Amino acid sequence: MKRSSKEQGRSFPSGLLAARNPADVSVEALRGLRTSLHFAMLEAGDNRLMITGPSPGVGKSFVSVNLAAVCAQSGQRVLVVDADMRKGQIHSAFGAASENGLSDVLSGKQGLEQVIRTVDNVDNLHYVARGMAPPNPSELLMTSRFSEFLAQVSERFDLVIVDSPPILAVTDAAIIGKQVGTTLILARFQTNPVKEMELAISRLKTSGVEPRGAIFNAVERKAATEYGYGYYHYSYK
């Protein structure tokens, strides 16, 4: 899917694109993804979707929130969850703060009602921010509280989209993927080589998570150039 340079970063300087410019070419591409996803999830065991990628900065959060918006615009009750408790930025798409989110529920500091937020300009769309950055996000995802959280929101919403950290950076996506019925992996044009994607898919499969498809993001018309990749550092100090 194509995007302008302003929409390709981790932050959301102009807000939610699907609400601001519904005719944008990338929003139309997400509508196509919505249709494909509908049929793919008919075979899944639940209404939960995880979007992950091999590395940081590939556009997972952009795709997660705008896909959630186009699904909500079709009449579904949708919840998008920022499960990147280290560096998640979903709250910035809605001009809000990250506090009072997923990490606070999983640590027992907040209840479910306190962290689910509505979106004023998109009916049926709700989100859960990342919360305060905890020292042990992977361990929080392995607790029964996370399983209970997913069970409760799955009953309340038609679709639950979980934006996870990159699979090659931390183990969180493998943990989350075991508790969702559908997983999509996102690659970015001129950023993620084939070998890196193969490694990311292998990492998921080793953990028992079978990706149902891939999204190729930020495609540009100019000729591809040489690029490389290295190690990713994805944690707070």
# chains A, B, ... in the order shown; residues from 1 in each chain; ligands from 1
call {"tool": "residues_around", "arguments": {"residues": "stretch 85-91 of chain A", "least_positions_apart": "2", "cutoff": "10 Å", "atoms": "only C-alpha atoms", "output": "PyMOL selection string"}}
result
chain A and resi 10-12+15-16+56+60-62+64-65+80-83+93-99+101-104+117+127-138+140-141+163-165+172+234-236
call {"tool": "select_by_dssp", "arguments": {"residues": "stretch 117-215 of chain A", "states": "helix (DSSP H, G or I)", "output": "number ranges by chain"}}
result
A: 137-141, 144-156, 172-177, 194-206
call {"tool": "residues_around", "arguments": {"residues": "stretch 28-34 of chain A", "least_positions_apart": "2", "cutoff": "8 Å", "atoms": "only C-alpha atoms", "output": "count of residues only"}}
result
14
call {"tool": "closest_residue", "arguments": {"among": "A:Leu125, A:Gly213, A:Leu150, A:Glu196", "to": "A:Gln76", "atoms": "only C-alpha atoms"}}
result
A:Leu125
call {"tool": "atom_distance", "arguments": {"atom1": "atom CA of A:Ala68", "atom2": "atom CA of A:Thr206"}}
result
28.3 Å
call {"tool": "closest_residue", "arguments": {"among": "A:Val105, A:Ile185, A:Ile176, A:Leu49", "to": "A:Ser207", "atoms": "only C-alpha atoms"}}
result
A:Ile176
call {"tool": "closest_residue", "arguments": {"among": "A:Ala72, A:Ala40, A:Ile201, A:Val78", "to": "A:Ala173", "atoms": "only C-alpha atoms"}}
result
A:Ile201
call {"tool": "atom_distance", "arguments": {"atom1": "atom CA of A:Gly75", "atom2": "atom CA of A:Ile215"}}
result
23.4 Å
call {"tool": "residues_around", "arguments": {"residues": "A:Ala151", "least_positions_apart": "5", "cutoff": "12 Å", "atoms": "only C-alpha atoms", "output": "count of residues only"}}
result
12
call {"tool": "select_by_dssp", "arguments": {"residues": "stretch 1-181 of chain A", "states": "strand (DSSP E)", "output": "JSON, numbers by chain"}}
result
{"A": [48, 49, 50, 51, 52, 78, 79, 80, 81, 82, 117, 118, 125, 126, 127, 128, 159, 160, 161, 162, 163]}
call {"tool": "residues_around", "arguments": {"residues": "A:Val58", "least_positions_apart": "3", "cutoff": "7 Å", "atoms": "only C-alpha atoms", "output": "JSON, numbers by chain"}}
result
{"A": [55, 187, 188]}
call {"tool": "atom_distance", "arguments": {"atom1": "atom CA of A:Ser92", "atom2": "atom CA of A:Leu204"}}
result
28.2 Å
call {"tool": "residues_around", "arguments": {"residues": "A:Gly208", "least_positions_apart": "5", "cutoff": "9 Å", "atoms": "only C-alpha atoms", "output": "number ranges by chain"}}
result
A: 174, 177-178, 203
call {"tool": "write_last_selection", "arguments": {"atoms": "C-alpha atoms", "output": "compact mmCIF listing (two decimals), in the first residue's frame"}}
result
# COMPACT_ATOMS: atom_id res chain seq x y z
CA ALA A 174 5.14 -14.82 19.78
CA GLY A 177 0.16 -14.73 18.64
CA LYS A 178 -0.63 -17.86 20.63
CA ARG A 203 10.37 -17.20 14.55
call {"tool": "closest_residue", "arguments": {"among": "A:Asn100, A:Thr118, A:Thr52, A:Thr35", "to": "A:Pro166", "atoms": "only C-alpha atoms"}}
result
A:Thr52
call {"tool": "closest_residue", "arguments": {"among": "A:Leu79, A:Ala44, A:Met50, A:Val27", "to": "A:Asp158", "atoms": "only C-alpha atoms"}}
result
A:Leu79
